[in-house]
>>> print(open('data-v9.cif').read())   # mmCIF, C-alpha atoms
data_my_file
#
loop_
_atom_site.group_PDB
_atom_site.id
_atom_site.type_symbol
_atom_site.label_atom_id
_atom_site.label_comp_id
_atom_site.auth_asym_id
_atom_site.auth_seq_id
_atom_site.Cartn_x
_atom_site.Cartn_y
_atom_site.Cartn_z
ATOM 1 C CA MET C 878 -15.895 191.263 -69.699
ATOM 2 C CA ILE C 879 -18.575 188.722 -70.591
ATOM 3 C CA PHE C 880 -18.885 187.917 -74.296
ATOM 4 C CA ASP C 881 -20.828 185.379 -76.328
ATOM 5 C CA LEU C 882 -18.983 182.735 -78.280
ATOM 6 C CA THR C 883 -20.921 183.132 -81.521
ATOM 7 C CA ASP C 884 -20.485 180.752 -84.449
ATOM 8 C CA SER C 885 -18.541 183.353 -86.423
ATOM 9 C CA LEU C 886 -16.259 184.171 -83.483
ATOM 10 C CA ALA C 887 -15.679 180.477 -82.754
ATOM 11 C CA ALA C 888 -14.750 179.875 -86.405
ATOM 12 C CA ALA C 889 -12.263 182.753 -86.322
ATOM 13 C CA ILE C 890 -10.653 181.474 -83.113
ATOM 14 C CA LEU C 891 -10.396 177.910 -84.461
ATOM 15 C CA TYR C 892 -8.651 179.175 -87.574
ATOM 16 C CA ALA C 893 -6.255 181.277 -85.479
ATOM 17 C CA MET C 894 -5.454 178.308 -83.217
ATOM 18 C CA GLU C 895 -4.164 176.322 -86.199
ATOM 19 C CA ASN C 896 -2.202 179.242 -87.612
ATOM 20 C CA GLN C 897 1.332 178.656 -86.332
ATOM 21 C CA GLU C 898 2.766 181.565 -88.330
ATOM 22 C CA GLU C 899 0.772 184.438 -86.824
ATOM 23 C CA ARG C 900 -0.435 184.938 -83.278
ATOM 24 C CA SER C 901 -3.688 186.657 -82.418
ATOM 25 C CA VAL C 902 -5.597 187.766 -79.330
ATOM 26 C CA LEU C 903 -9.283 188.427 -78.767
ATOM 27 C CA ASP C 904 -10.627 191.967 -78.492
ATOM 28 C CA ALA C 905 -13.785 190.972 -76.615
ATOM 29 C CA GLU C 906 -15.283 194.456 -76.639
ATOM 30 C CA HIS C 907 -15.474 194.402 -80.449
ATOM 31 C CA ALA C 908 -15.607 190.589 -80.847
ATOM 32 C CA LEU C 909 -12.566 190.690 -83.144
ATOM 33 C CA LEU C 910 -9.207 188.972 -83.355
ATOM 34 C CA VAL C 911 -6.255 191.315 -83.555
ATOM 35 C CA PRO C 912 -2.516 190.655 -83.934
ATOM 36 C CA ALA C 913 -0.773 189.702 -80.693
ATOM 37 C CA GLY C 914 1.305 192.637 -79.484
ATOM 38 C CA SER C 915 -0.974 195.270 -80.988
ATOM 39 C CA VAL C 916 -2.903 195.476 -77.709
ATOM 40 C CA ALA C 917 -2.134 194.418 -74.164
ATOM 41 C CA VAL C 918 -3.792 191.282 -72.821
ATOM 42 C CA ASP C 919 -5.618 192.297 -69.647
ATOM 43 C CA GLY C 920 -8.073 189.452 -69.071
ATOM 44 C CA GLU C 921 -10.887 191.965 -69.057
ATOM 45 C CA LYS C 922 -11.355 193.266 -72.578
ATOM 46 C CA VAL C 923 -8.470 191.475 -74.304
ATOM 47 C CA TYR C 924 -7.886 187.748 -73.938
ATOM 48 C CA SER C 925 -5.223 185.298 -75.041
ATOM 49 C CA LEU C 926 -6.595 182.548 -77.270
ATOM 50 C CA PRO C 927 -6.667 178.839 -76.362
ATOM 51 C CA GLN C 928 -3.168 177.426 -76.636
ATOM 52 C CA TRP C 929 -2.596 175.089 -79.572
ATOM 53 C CA THR C 930 0.992 174.180 -80.430
ATOM 54 C CA SER C 931 2.602 172.024 -83.102
ATOM 55 C CA ALA C 932 3.043 169.400 -80.363
ATOM 56 C CA ASP C 933 -0.727 169.440 -79.829
ATOM 57 C CA GLY C 934 -1.192 169.015 -83.557
ATOM 58 C CA PHE C 935 1.151 166.025 -83.713
ATOM 59 C CA LYS C 936 -0.581 164.414 -80.721
ATOM 60 C CA MET C 937 -3.871 164.839 -82.566
ATOM 61 C CA LEU C 938 -2.451 163.018 -85.594
ATOM 62 C CA GLU C 939 -1.342 160.144 -83.352
ATOM 63 C CA ASP C 940 -4.734 159.925 -81.649
ATOM 64 C CA PHE C 941 -6.532 159.854 -84.987
ATOM 65 C CA VAL C 942 -4.338 157.078 -86.388
ATOM 66 C CA PHE C 943 -4.813 155.086 -83.160
ATOM 67 C CA SER C 944 -8.606 155.434 -83.555
ATOM 68 C CA LEU C 945 -8.551 153.686 -86.949
ATOM 69 C CA GLY C 946 -8.912 149.952 -87.335
ATOM 70 C CA GLU C 947 -6.196 147.974 -89.112
ATOM 71 C CA SER C 948 -6.168 149.089 -92.742
ATOM 72 C CA ALA C 949 -3.921 150.271 -95.548
ATOM 73 C CA ALA C 950 -4.694 153.863 -94.567
ATOM 74 C CA LYS C 951 -3.595 153.278 -90.966
ATOM 75 C CA ALA C 952 -0.371 151.584 -92.060
ATOM 76 C CA GLU C 953 0.577 154.452 -94.386
ATOM 77 C CA LEU C 954 -0.324 157.139 -91.835
ATOM 78 C CA LYS C 955 1.718 155.380 -89.123
ATOM 79 C CA ALA C 956 4.688 155.328 -91.492
ATOM 80 C CA VAL C 957 4.332 159.091 -91.951
ATOM 81 C CA LEU C 958 4.279 159.683 -88.188
ATOM 82 C CA ILE C 959 7.566 157.858 -87.628
ATOM 83 C CA SER C 960 9.280 159.361 -90.682
ATOM 84 C CA GLY C 961 10.202 162.497 -88.736
ATOM 85 C CA ARG C 962 10.196 164.824 -91.762
ATOM 86 C CA GLY C 963 7.363 166.750 -93.360
ATOM 87 C CA VAL C 964 4.880 164.907 -91.167
ATOM 88 C CA PHE C 965 1.946 167.321 -91.450
ATOM 89 C CA ARG C 966 2.290 167.760 -95.223
ATOM 90 C CA ASN C 967 2.781 164.046 -95.910
ATOM 91 C CA PHE C 968 -0.108 163.149 -93.600
ATOM 92 C CA LYS C 969 -2.436 165.260 -95.754
ATOM 93 C CA ASN C 970 -1.007 163.741 -98.942
ATOM 94 C CA VAL C 971 -1.739 160.195 -97.738
ATOM 95 C CA LEU C 972 -5.292 161.131 -96.768
ATOM 96 C CA LYS C 973 -6.017 162.213 -100.350
ATOM 97 C CA SER C 974 -5.799 158.551 -101.390
ATOM 98 C CA PHE C 975 -8.491 157.574 -98.842
ATOM 99 C CA PRO C 976 -11.465 159.971 -99.218
ATOM 100 C CA GLU C 977 -13.595 158.464 -96.437
ATOM 101 C CA VAL C 978 -10.660 158.458 -94.006
ATOM 102 C CA GLU C 979 -9.905 162.046 -94.999
ATOM 103 C CA ARG C 980 -13.472 163.090 -94.256
ATOM 104 C CA ARG C 981 -13.287 161.271 -90.922
ATOM 105 C CA TRP C 982 -10.048 163.139 -90.181
ATOM 106 C CA HIS C 983 -11.613 166.553 -90.774
ATOM 107 C CA VAL C 984 -14.460 165.754 -88.370
ATOM 108 C CA PHE C 985 -12.014 164.361 -85.800
ATOM 109 C CA LYS C 986 -9.791 167.443 -86.046
ATOM 110 C CA ASP C 987 -12.736 169.812 -85.740
ATOM 111 C CA MET C 988 -13.928 168.021 -82.610
ATOM 112 C CA GLN C 989 -10.481 168.120 -81.001
ATOM 113 C CA LEU C 990 -10.058 171.845 -81.666
ATOM 114 C CA ARG C 991 -13.592 172.643 -80.553
ATOM 115 C CA SER C 992 -13.059 170.688 -77.366
ATOM 116 C CA ARG C 993 -9.997 172.815 -76.547
ATOM 117 C CA LEU C 994 -11.956 175.964 -77.434
ATOM 118 C CA MET C 995 -14.845 175.030 -75.134
ATOM 119 C CA GLU C 996 -12.477 174.214 -72.262
ATOM 120 C CA TRP C 997 -11.047 177.725 -72.628
ATOM 121 C CA TYR C 998 -14.443 179.419 -72.890
ATOM 122 C CA ASN C 999 -15.927 177.478 -69.967
ATOM 123 C CA ALA C 1000 -12.949 178.444 -67.810
ATOM 124 C CA LEU C 1001 -13.774 182.077 -68.596
ATOM 125 C CA ARG C 1002 -17.460 181.516 -67.839
ATOM 126 C CA GLU C 1003 -16.507 180.045 -64.485
ATOM 127 C CA SER C 1004 -14.468 183.164 -63.724
ATOM 128 C CA TRP C 1005 -17.569 185.229 -64.594
ATOM 129 C CA GLY C 1006 -19.721 183.181 -62.218
ATOM 130 C CA LEU C 1007 -21.620 181.454 -65.055
ATOM 131 C CA GLU C 1008 -22.365 177.778 -65.638
ATOM 132 C CA ALA C 1009 -20.279 175.814 -68.108
ATOM 133 C CA LEU C 1010 -21.780 175.057 -71.508
ATOM 134 C CA ALA C 1011 -22.129 171.461 -72.690
ATOM 135 C CA GLN C 1012 -19.777 170.281 -75.424
ATOM 136 C CA ASP C 1013 -22.552 169.085 -77.689
ATOM 137 C CA PHE C 1014 -20.849 167.487 -80.672
ATOM 138 C CA ASP C 1015 -20.804 163.724 -81.196
ATOM 139 C CA GLU C 1016 -20.754 163.527 -84.993
ATOM 140 C CA TYR C 1017 -17.610 161.373 -85.026
ATOM 141 C CA ASP C 1018 -19.357 158.381 -83.499
ATOM 142 C CA ASP C 1019 -22.012 158.455 -86.235
ATOM 143 C CA LEU C 1020 -19.661 159.136 -89.130
ATOM 144 C CA THR C 1021 -19.852 155.644 -90.571
ATOM 145 C CA GLU C 1022 -23.616 156.005 -90.986
ATOM 146 C CA GLN C 1023 -23.182 159.445 -92.559
ATOM 147 C CA ASP C 1024 -20.472 158.420 -95.009
ATOM 148 C CA PHE C 1025 -21.873 155.068 -96.090
ATOM 149 C CA THR C 1026 -25.171 153.498 -97.019
ATOM 150 C CA PHE C 1027 -26.151 150.037 -95.780
ATOM 151 C CA SER C 1028 -28.745 148.490 -98.059
ATOM 152 C CA THR C 1029 -30.417 145.093 -98.393
ATOM 153 C CA TYR C 1030 -28.549 142.841 -100.805
ATOM 154 C CA ASP C 1031 -30.150 142.546 -104.242
ATOM 155 C CA ALA C 1032 -28.591 139.848 -106.439
ATOM 156 C CA ALA C 1033 -29.519 141.573 -109.695
ATOM 157 C CA ARG C 1034 -27.923 144.826 -108.553
ATOM 158 C CA ASP C 1035 -25.104 143.697 -106.257
ATOM 159 C CA ALA C 1036 -23.870 140.242 -107.326
ATOM 160 C CA ASP C 1037 -21.289 141.540 -109.809
ATOM 161 C CA GLY C 1038 -19.883 144.035 -107.304
ATOM 162 C CA VAL C 1039 -19.621 141.376 -104.585
ATOM 163 C CA ALA C 1040 -17.857 138.952 -106.965
ATOM 164 C CA TYR C 1041 -15.398 141.602 -108.175
ATOM 165 C CA ALA C 1042 -14.543 142.683 -104.624
ATOM 166 C CA ALA C 1043 -14.204 139.053 -103.478
ATOM 167 C CA HIS C 1044 -11.601 138.440 -106.175
ATOM 168 C CA ALA C 1045 -9.710 141.543 -105.013
ATOM 169 C CA VAL C 1046 -9.684 140.206 -101.443
ATOM 170 C CA ALA C 1047 -8.543 136.807 -102.731
ATOM 171 C CA GLU C 1048 -5.680 138.487 -104.564
ATOM 172 C CA GLU C 1049 -4.622 140.090 -101.276
ATOM 173 C CA LEU C 1050 -4.668 136.691 -99.572
ATOM 174 C CA SER C 1051 -2.532 135.161 -102.310
ATOM 175 C CA LYS C 1052 0.133 137.793 -101.617
ATOM 176 C CA THR C 1053 -0.083 137.478 -97.838
ATOM 177 C CA TYR C 1054 1.490 134.020 -97.809
ATOM 178 C CA ALA C 1055 4.335 132.743 -99.954
ATOM 179 C CA GLY C 1056 3.944 130.278 -102.805
ATOM 180 C CA GLU C 1057 1.211 127.694 -102.884
ATOM 181 C CA LEU C 1058 -0.030 128.553 -99.384
ATOM 182 C CA GLY C 1059 -1.100 131.993 -100.576
ATOM 183 C CA ARG C 1060 -2.815 130.566 -103.632
ATOM 184 C CA ALA C 1061 -4.559 127.962 -101.450
ATOM 185 C CA ALA C 1062 -5.861 130.637 -99.051
ATOM 186 C CA ALA C 1063 -7.204 132.653 -101.990
ATOM 187 C CA ASP C 1064 -8.822 129.594 -103.535
ATOM 188 C CA LEU C 1065 -10.514 128.577 -100.280
ATOM 189 C CA PHE C 1066 -11.836 132.088 -99.763
ATOM 190 C CA LEU C 1067 -13.403 132.182 -103.241
ATOM 191 C CA ALA C 1068 -14.788 128.670 -102.797
ATOM 192 C CA CYS C 1069 -16.594 129.769 -99.627
ATOM 193 C CA CYS C 1070 -18.027 132.822 -101.406
ATOM 194 C CA SER C 1071 -19.254 130.793 -104.396
ATOM 195 C CA ARG C 1072 -20.679 127.707 -102.670
ATOM 196 C CA VAL C 1073 -24.133 129.359 -102.706
ATOM 197 C CA LEU C 1074 -25.696 130.911 -105.810
ATOM 198 C CA PRO C 1075 -25.938 134.743 -105.695
ATOM 199 C CA GLU C 1076 -29.733 134.707 -105.923
ATOM 200 C CA GLN C 1077 -29.947 132.410 -102.870
ATOM 201 C CA LYS C 1078 -28.092 134.851 -100.625
ATOM 202 C CA SER C 1079 -29.455 137.577 -98.383
ATOM 203 C CA GLY C 1080 -27.781 140.241 -96.294
ATOM 204 C CA LEU C 1081 -26.367 143.720 -96.509
ATOM 205 C CA VAL C 1082 -24.139 145.699 -98.836
ATOM 206 C CA CYS C 1083 -22.222 148.835 -97.895
ATOM 207 C CA ARG C 1084 -21.450 151.601 -100.397
ATOM 208 C CA SER C 1085 -19.613 154.901 -100.039
ATOM 209 C CA PHE C 1086 -21.222 158.292 -100.582
ATOM 210 C CA THR C 1087 -19.809 158.118 -104.138
ATOM 211 C CA ASP C 1088 -21.621 154.755 -104.581
ATOM 212 C CA ASP C 1089 -18.434 152.680 -104.583
ATOM 213 C CA PHE C 1090 -18.771 149.123 -103.252
ATOM 214 C CA ALA C 1091 -17.189 149.088 -99.768
ATOM 215 C CA GLY C 1092 -18.139 145.750 -98.236
ATOM 216 C CA CYS C 1093 -20.834 143.173 -97.573
ATOM 217 C CA LEU C 1094 -22.160 140.597 -95.156
ATOM 218 C CA LEU C 1095 -24.237 137.865 -96.822
ATOM 219 C CA PHE C 1096 -25.798 134.643 -95.583
ATOM 220 C CA ALA C 1097 -28.029 131.799 -96.750
ATOM 221 C CA PRO C 1098 -30.320 129.185 -95.131
ATOM 222 C CA CYS C 1099 -28.485 126.090 -93.910
ATOM 223 C CA PRO C 1100 -29.550 123.491 -94.789
ATOM 224 C CA SER C 1101 -31.347 125.019 -97.761
ATOM 225 C CA PRO C 1102 -34.901 124.466 -96.400
ATOM 226 C CA ALA C 1103 -33.964 125.712 -92.889
ATOM 227 C CA LYS C 1104 -36.299 128.286 -91.338
ATOM 228 C CA GLU C 1105 -34.317 129.385 -88.265
ATOM 229 C CA THR C 1106 -30.652 128.807 -89.165
ATOM 230 C CA VAL C 1107 -28.437 130.681 -91.629
ATOM 231 C CA VAL C 1108 -24.753 130.354 -92.523
ATOM 232 C CA LEU C 1109 -22.373 133.153 -93.444
ATOM 233 C CA THR C 1110 -21.349 133.138 -97.116
ATOM 234 C CA ASP C 1111 -19.536 136.463 -97.629
ATOM 235 C CA PHE C 1112 -18.128 138.939 -95.096
ATOM 236 C CA PHE C 1113 -15.418 141.403 -96.089
ATOM 237 C CA VAL C 1114 -14.571 145.077 -96.487
ATOM 238 C CA VAL C 1115 -12.467 146.166 -99.455
ATOM 239 C CA GLN C 1116 -9.006 147.428 -98.650
ATOM 240 C CA ASN C 1117 -9.440 151.198 -99.028
ATOM 241 C CA TYR C 1118 -12.414 151.249 -96.659
ATOM 242 C CA ARG C 1119 -11.059 149.198 -93.768
ATOM 243 C CA GLY C 1120 -10.567 150.663 -90.326
ATOM 244 C CA LEU C 1121 -13.698 152.834 -90.459
ATOM 245 C CA GLY C 1122 -16.067 150.605 -88.499
ATOM 246 C CA ILE C 1123 -17.867 149.210 -91.559
ATOM 247 C CA ALA C 1124 -17.506 145.561 -90.506
ATOM 248 C CA ARG C 1125 -19.043 146.324 -87.120
ATOM 249 C CA GLU C 1126 -21.957 148.196 -88.693
ATOM 250 C CA LEU C 1127 -22.576 145.361 -91.146
ATOM 251 C CA MET C 1128 -22.638 142.824 -88.329
ATOM 252 C CA MET C 1129 -24.879 144.952 -86.085
ATOM 253 C CA HIS C 1130 -27.378 145.629 -88.891
ATOM 254 C CA CYS C 1131 -27.291 141.983 -89.940
ATOM 255 C CA LEU C 1132 -28.004 140.611 -86.461
ATOM 256 C CA SER C 1133 -30.904 143.032 -86.074
ATOM 257 C CA GLN C 1134 -32.271 141.953 -89.449
ATOM 258 C CA LEU C 1135 -31.967 138.265 -88.577
ATOM 259 C CA LYS C 1136 -33.704 138.732 -85.246
ATOM 260 C CA GLU C 1137 -36.619 140.490 -86.954
ATOM 261 C CA ARG C 1138 -36.888 137.531 -89.362
ATOM 262 C CA GLY C 1139 -37.125 135.052 -86.499
ATOM 263 C CA ILE C 1140 -33.719 133.463 -87.124
ATOM 264 C CA HIS C 1141 -32.344 131.523 -84.151
ATOM 265 C CA TRP C 1142 -28.838 130.466 -85.216
ATOM 266 C CA PHE C 1143 -26.252 132.354 -87.279
ATOM 267 C CA ILE C 1144 -23.354 130.053 -88.184
ATOM 268 C CA ILE C 1145 -19.871 130.942 -89.402
ATOM 269 C CA ALA C 1146 -18.186 127.990 -91.087
ATOM 270 C CA ASN C 1147 -15.877 130.119 -93.229
ATOM 271 C CA THR C 1148 -12.358 129.308 -92.002
ATOM 272 C CA THR C 1149 -10.865 132.086 -94.148
ATOM 273 C CA ILE C 1150 -12.447 134.974 -92.244
ATOM 274 C CA PRO C 1151 -9.633 137.546 -91.732
ATOM 275 C CA GLN C 1152 -8.013 137.541 -88.293
ATOM 276 C CA THR C 1153 -8.767 141.272 -88.001
ATOM 277 C CA LEU C 1154 -12.446 140.319 -87.565
ATOM 278 C CA ASP C 1155 -11.837 137.783 -84.775
ATOM 279 C CA SER C 1156 -12.405 140.224 -81.896
ATOM 280 C CA LEU C 1157 -15.536 141.653 -83.515
ATOM 281 C CA ILE C 1158 -17.008 138.180 -84.022
ATOM 282 C CA ALA C 1159 -16.286 137.291 -80.385
ATOM 283 C CA ARG C 1160 -17.913 140.518 -79.141
ATOM 284 C CA MET C 1161 -21.026 139.758 -81.166
ATOM 285 C CA GLY C 1162 -21.603 136.567 -79.160
ATOM 286 C CA PHE C 1163 -20.363 133.857 -81.516
ATOM 287 C CA GLU C 1164 -19.260 130.678 -79.750
ATOM 288 C CA ARG C 1165 -17.405 127.679 -81.125
ATOM 289 C CA LYS C 1166 -19.658 124.697 -81.796
ATOM 290 C CA GLY C 1167 -17.388 121.883 -82.975
ATOM 291 C CA THR C 1168 -15.694 123.166 -86.148
ATOM 292 C CA VAL C 1169 -18.006 126.153 -86.629
ATOM 293 C CA LEU C 1170 -18.872 129.366 -84.789
ATOM 294 C CA ALA C 1171 -22.514 130.000 -83.927
ATOM 295 C CA ALA C 1172 -24.449 132.917 -82.432
ATOM 296 C CA ASP C 1173 -27.839 132.664 -80.753
ATOM 297 C CA VAL C 1174 -29.582 135.609 -82.450
ATOM 298 C CA THR C 1175 -32.411 135.566 -79.900
ATOM 299 C CA LYS C 1176 -29.928 136.762 -77.257
ATOM 300 C CA PHE C 1177 -28.837 139.770 -79.279
#
>>> encode(input="data-v9.cif", output="C-alpha cells")
Amino acid sequence: MIFDLTDSLAAAILYAMENQEERSVLDAEHALLVPAGSVAVDGEKVYSLPQWTSADGFKMLEDFVFSLGESAAKAELKAVLISGRGVFRNFKNVLKSFPEVERRWHVFKDMQLRSRLMEWYNALRESWGLEALAQDFDEYDDLTEQDFTFSTYDAARDADGVAYAAHAVAEELSKTYAGELGRAAADLFLACCSRVLPEQKSGLVCRSFTDDFAGCLLFAPCPSPAKETVVLTDFFVVQNYRGLGIARELMMHCLSQLKERGIHWFIIANTTIPQTLDSLIARMGFERKGTVLAADVTKF
C-alpha cells in the first residue's frame, strides 16, 4: 500500500526508532504507529519500522566524535566512549558543557536517523515502482556559519576580548610543557600577539550565538607602510570552541577579504602557532620562505 511520508509521520517514526524500550510498527492505512504485536506485519498495510539498534546508536556516537577536530570536547567524549559504562548518559552529560558541540550533535544525529529513514522509505518506493526521493538535508556542513558570526575586527569593540582570550591560550601553553619551557612558550605567544598595537590590526573575530568570543584571525601591514603584504598577528580559537571548523572558516574568510583588498602576500612569522593548525595552513597554500610561511593570495 502506497503511503506518503509526511513530516508528522516521519517525526513519529524517528522518535520510535530511538525508543529502545517499546517497539512499534506502521499502520499505513491510518498513517499511525501501533505497538508491535498488536497487528500482524504484512508488508501491505502494516510495515516494520527502519531498524535502529543500540549498536547503531553507539556507532553514531563514534562517528560524531571522529568528525570533530582536536578539542577538549573531543577528548572528553572519547573518554566516555571507552569507559564502557553509562556511555549514552555520560555522553549527553559531557555535551552540556559544550553548547555549540551539543547543538552540532543534535543536527548530526537527526541527519543520521533521517538518512536511515529515507533508505527504508525509498526501498518501499522501489517496491511500489516509484522513483527514490532525494535525501535533501545538508545542514551539518553549514553549521559553523549558523552557530557563529564572523565579523570584521573593530579595535574599540574587540581588543579587550582578543587580549583576554590570548592570555587564556597562553595559560594553556604554560601548562603544556614543564617548567620554564612552558612559561617561555606562553611568553613568546603573548609577545607575538602584542608586537602590533590593537588599533593597527585588521581581520576577523568569531563569536557564538550567545555572543561569547570564540576566536580570531588578525593581521597587520608588514612593513608598516606596505600596500600588498600583511603579517599574521593573532590566530587562535578558545578551548571550548575548538574542533568545530572555526579556524578553517576564519582562514577562508580572511583570504577572501585580503584578495578583495588587493593583498599579494600573507606572511606567518608566528612560530607559536599551535600544531593543530599545521595541516590547515598547508592546505591554504602557505609555503616556507626562509624562516617564515607565506601565501600568494592572488592564487586563492
>>> resolve_selection(input="data-v9.cif", expression="the PyMOL selection byres ((chain C and resi 981) around 9)", output="VMD selection string")
chain C and resid 976 to 980 982 to 986 1017 1020 to 1021 1024 1121
>>> write_last_selection(input="data-v9.cif", atoms="C-alpha atoms", output="short mmCIF file (atom, residue, chain, number, x, y, z; two decimals), keeping the file's coordinate frame")
data_model
loop_
_atom_site.label_atom_id
_atom_site.label_comp_id
_atom_site.auth_asym_id
_atom_site.auth_seq_id
_atom_site.Cartn_x
_atom_site.Cartn_y
_atom_site.Cartn_z
CA PRO C 976 -11.46 159.97 -99.22
CA GLU C 977 -13.60 158.46 -96.44
CA VAL C 978 -10.66 158.46 -94.01
CA GLU C 979 -9.90 162.05 -95.00
CA ARG C 980 -13.47 163.09 -94.26
CA TRP C 982 -10.05 163.14 -90.18
CA HIS C 983 -11.61 166.55 -90.77
CA VAL C 984 -14.46 165.75 -88.37
CA PHE C 985 -12.01 164.36 -85.80
CA LYS C 986 -9.79 167.44 -86.05
CA TYR C 1017 -17.61 161.37 -85.03
CA LEU C 1020 -19.66 159.14 -89.13
CA THR C 1021 -19.85 155.64 -90.57
CA ASP C 1024 -20.47 158.42 -95.01
CA LEU C 1121 -13.70 152.83 -90.46
#
>>> resolve_selection(input="data-v9.cif", expression="the PyMOL selection byres ((chain C and resi 1112) around 6)", output="ChimeraX atom specification")
/C:1093-1094,1111,1113
>>> resolve_selection(input="data-v9.cif", expression="the PyMOL selection byres ((chain C and resi 1165-1174) around 6)", output="JSON list (two decimals) with C-alpha atoms, keeping the file's coordinate frame")
[["chain", "number", "residue", "atom", "x", "y", "z"],
["C", 1136, "LYS", "CA", -33.70, 138.73, -85.25],
["C", 1141, "HIS", "CA", -32.34, 131.52, -84.15],
["C", 1142, "TRP", "CA", -28.84, 130.47, -85.22],
["C", 1143, "PHE", "CA", -26.25, 132.35, -87.28],
["C", 1144, "ILE", "CA", -23.35, 130.05, -88.18],
["C", 1145, "ILE", "CA", -19.87, 130.94, -89.40],
["C", 1146, "ALA", "CA", -18.19, 127.99, -91.09],
["C", 1162, "GLY", "CA", -21.60, 136.57, -79.16],
["C", 1163, "PHE", "CA", -20.36, 133.86, -81.52],
["C", 1164, "GLU", "CA", -19.26, 130.68, -79.75],
["C", 1175, "THR", "CA", -32.41, 135.57, -79.90],
["C", 1176, "LYS", "CA", -29.93, 136.76, -77.26],
["C", 1177, "PHE", "CA", -28.84, 139.77, -79.28]]
>>> closest_residue(input="data-v9.cif", among="C:Leu1074, C:Leu1132, C:Met937, C:Leu886", to="Met988 (chain C)", atoms="only C-alpha atoms")
C:Met937
>>> atom_distance(input="data-v9.cif", atom1="CA of Asp1064 (chain C)", atom2="CA of Val1082 (chain C)")
22.7 Å
>>> residues_around(input="data-v9.cif", residues="Ala1091 (chain C)", least_positions_apart="5", cutoff="10 Å", atoms="all atoms listed in the file", output="PyMOL selection string")
chain C and resi 1025-1027+1038-1039+1042+1082-1085+1113-1119+1123-1124
>>> write_last_selection(input="data-v9.cif", atoms="C-alpha atoms", output="mmCIF file, in the frame of the given file")
data_model
loop_
_atom_site.group_PDB
_atom_site.id
_atom_site.type_symbol
_atom_site.label_atom_id
_atom_site.label_comp_id
_atom_site.auth_asym_id
_atom_site.auth_seq_id
_atom_site.Cartn_x
_atom_site.Cartn_y
_atom_site.Cartn_z
ATOM 1 C CA PHE C 1025 -21.873 155.068 -96.090
ATOM 2 C CA THR C 1026 -25.171 153.498 -97.019
ATOM 3 C CA PHE C 1027 -26.151 150.037 -95.780
ATOM 4 C CA GLY C 1038 -19.883 144.035 -107.304
ATOM 5 C CA VAL C 1039 -19.621 141.376 -104.585
ATOM 6 C CA ALA C 1042 -14.543 142.683 -104.624
ATOM 7 C CA VAL C 1082 -24.139 145.699 -98.836
ATOM 8 C CA CYS C 1083 -22.222 148.835 -97.895
ATOM 9 C CA ARG C 1084 -21.450 151.601 -100.397
ATOM 10 C CA SER C 1085 -19.613 154.901 -100.039
ATOM 11 C CA PHE C 1113 -15.418 141.403 -96.089
ATOM 12 C CA VAL C 1114 -14.571 145.077 -96.487
ATOM 13 C CA VAL C 1115 -12.467 146.166 -99.455
ATOM 14 C CA GLN C 1116 -9.006 147.428 -98.650
ATOM 15 C CA ASN C 1117 -9.440 151.198 -99.028
ATOM 16 C CA TYR C 1118 -12.414 151.249 -96.659
ATOM 17 C CA ARG C 1119 -11.059 149.198 -93.768
ATOM 18 C CA ILE C 1123 -17.867 149.210 -91.559
ATOM 19 C CA ALA C 1124 -17.506 145.561 -90.506
#
>>> residues_around(input="data-v9.cif", residues="Ala1047 (chain C)", least_positions_apart="4", cutoff="8 Å", atoms="all atoms listed in the file", output="number ranges by chain")
C: 1043, 1051, 1062-1064, 1066-1067
>>> closest_residue(input="data-v9.cif", among="C:Phe1096, C:Tyr924, C:Phe975, C:Tyr892", to="Leu1001 (chain C)", atoms="only C-alpha atoms")
C:Tyr924
>>> residues_around(input="data-v9.cif", residues="Gly914 (chain C)", least_positions_apart="6", cutoff="10 Å", atoms="all atoms listed in the file", output="PDB file with C-alpha atoms, in the frame of the given file")
ATOM      1  CA  ARG C 900      -0.435 184.938 -83.278  1.00  0.00           C
ATOM      2  CA  SER C 901      -3.688 186.657 -82.418  1.00  0.00           C
ATOM      3  CA  VAL C 902      -5.597 187.766 -79.330  1.00  0.00           C
TER       4      VAL C 902
END
>>> closest_residue(input="data-v9.cif", among="C:Ile890, C:Ala1009, C:Leu1154, C:Ala1061", to="Leu990 (chain C)", atoms="all atoms listed in the file")
C:Ile890
>>> closest_residue(input="data-v9.cif", among="C:Lys922, C:Ser1133, C:Tyr1041, C:Met1128", to="Ala1159 (chain C)", atoms="only C-alpha atoms")
C:Met1128
>>> atom_distance(input="data-v9.cif", atom1="CA of Ile879 (chain C)", atom2="CA of Leu909 (chain C)")
14.1 Å
>>> closest_residue(input="data-v9.cif", among="C:Glu1076, C:Val918, C:Leu938, C:Gly1059", to="Arg966 (chain C)", atoms="only C-alpha atoms")
C:Leu938
>>> residues_around(input="data-v9.cif", residues="Gly946 (chain C)", least_positions_apart="3", cutoff="10 Å", atoms="all atoms listed in the file", output="ChimeraX atom specification")
/C:942-943,949-952,1119-1123,1153
